[in-house]
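Notes follow the structure.
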Amino acid sequence: MNQIIISIFTLCLVACSAHQASAPEDSKRPHKQDSYSGIEGSIQKQKDQLYKTNQANKLKCQDARLDLVNAEAEGDLNLIRQVKAKVQKLCVIEK
């Protein structure tokens with residue numbers, strides 16, 4: 001009897017863990033390939049380039065925000081103004 005209960009429990013765990021929601025399209029990482037062929041390849045190459053560009057922009061924005069925190073900690077008003085302008089330029093909020 002215990003073996004049946006354990007088997008049913010194991011089967012339920014395996015069935016539940018097999019179904020996972022797919023990640024949203026924006027968070028997909030680029031394919032790791034060097035060559036693209038055909039129309040689908042061209043489309044995928046553009047998606048991969050867009051993903052890489054967005055990731056680079058996010059990193060630049062994060063760096064600018066950290067620079068702003070450091071400038072505010074130092075209290076240098078000129079540096080704060082410069083870094084705020086950099087943050088506004090790099091951290092574009094998409095609507």
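Residue numbers start at 1 in each chain; chains themselves are named A, B, ... in the order of the structure tokens; ligands are numbered from 1 in the order shown.
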
Give me the residues within 7 Å of segment 82-89 of chain A as JSON, numbers by chain, counting only C-alpha atoms and dropping any in the same chain fewer than 4 places off. {"A": [61, 64, 65, 67, 68, 78]}

Output the selection as a PDB file, in the first residue's frame - C-alpha atoms for each residue.
ATOM      1  CA  CYS A  61      22.127  52.957 -17.221  1.00  0.00           C
ATOM      2  CA  ALA A  64      25.268  55.932 -14.554  1.00  0.00           C
ATOM      3  CA  ARG A  65      22.905  55.504 -11.596  1.00  0.00           C
ATOM      4  CA  ASP A  67      27.865  57.176 -10.516  1.00  0.00           C
ATOM      5  CA  LEU A  68      25.017  59.445  -9.419  1.00  0.00           C
ATOM      6  CA  ASN A  78      28.933  70.064 -10.687  1.00  0.00           C
TER       7      ASN A  78
END

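Take atom CA of Gln44 of chain A and atom CA of Asn57 of chain A: the distance between them is 19.9 Å.
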
Can you pull out the residues contacting Tyr36 of chain A? Cut-off 7 Å, using only C-alpha atoms, and skip same-chain residues under 3 positions away; I want them as a PDB file with C-alpha atoms, in the first residue's frame.
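That gives us result25.pdb:
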ATOM      1  CA  GLY A  41      18.001  33.583 -39.857  1.00  0.00           C
ATOM      2  CA  SER A  42      17.922  37.277 -40.744  1.00  0.00           C
ATOM      3  CA  LYS A  45      19.935  37.894 -36.166  1.00  0.00           C
TER       4      LYS A  45
END

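Relative to atom CA of Lys60 of chain A, atom CA of Leu90 of chain A is found at 6.8 Å.
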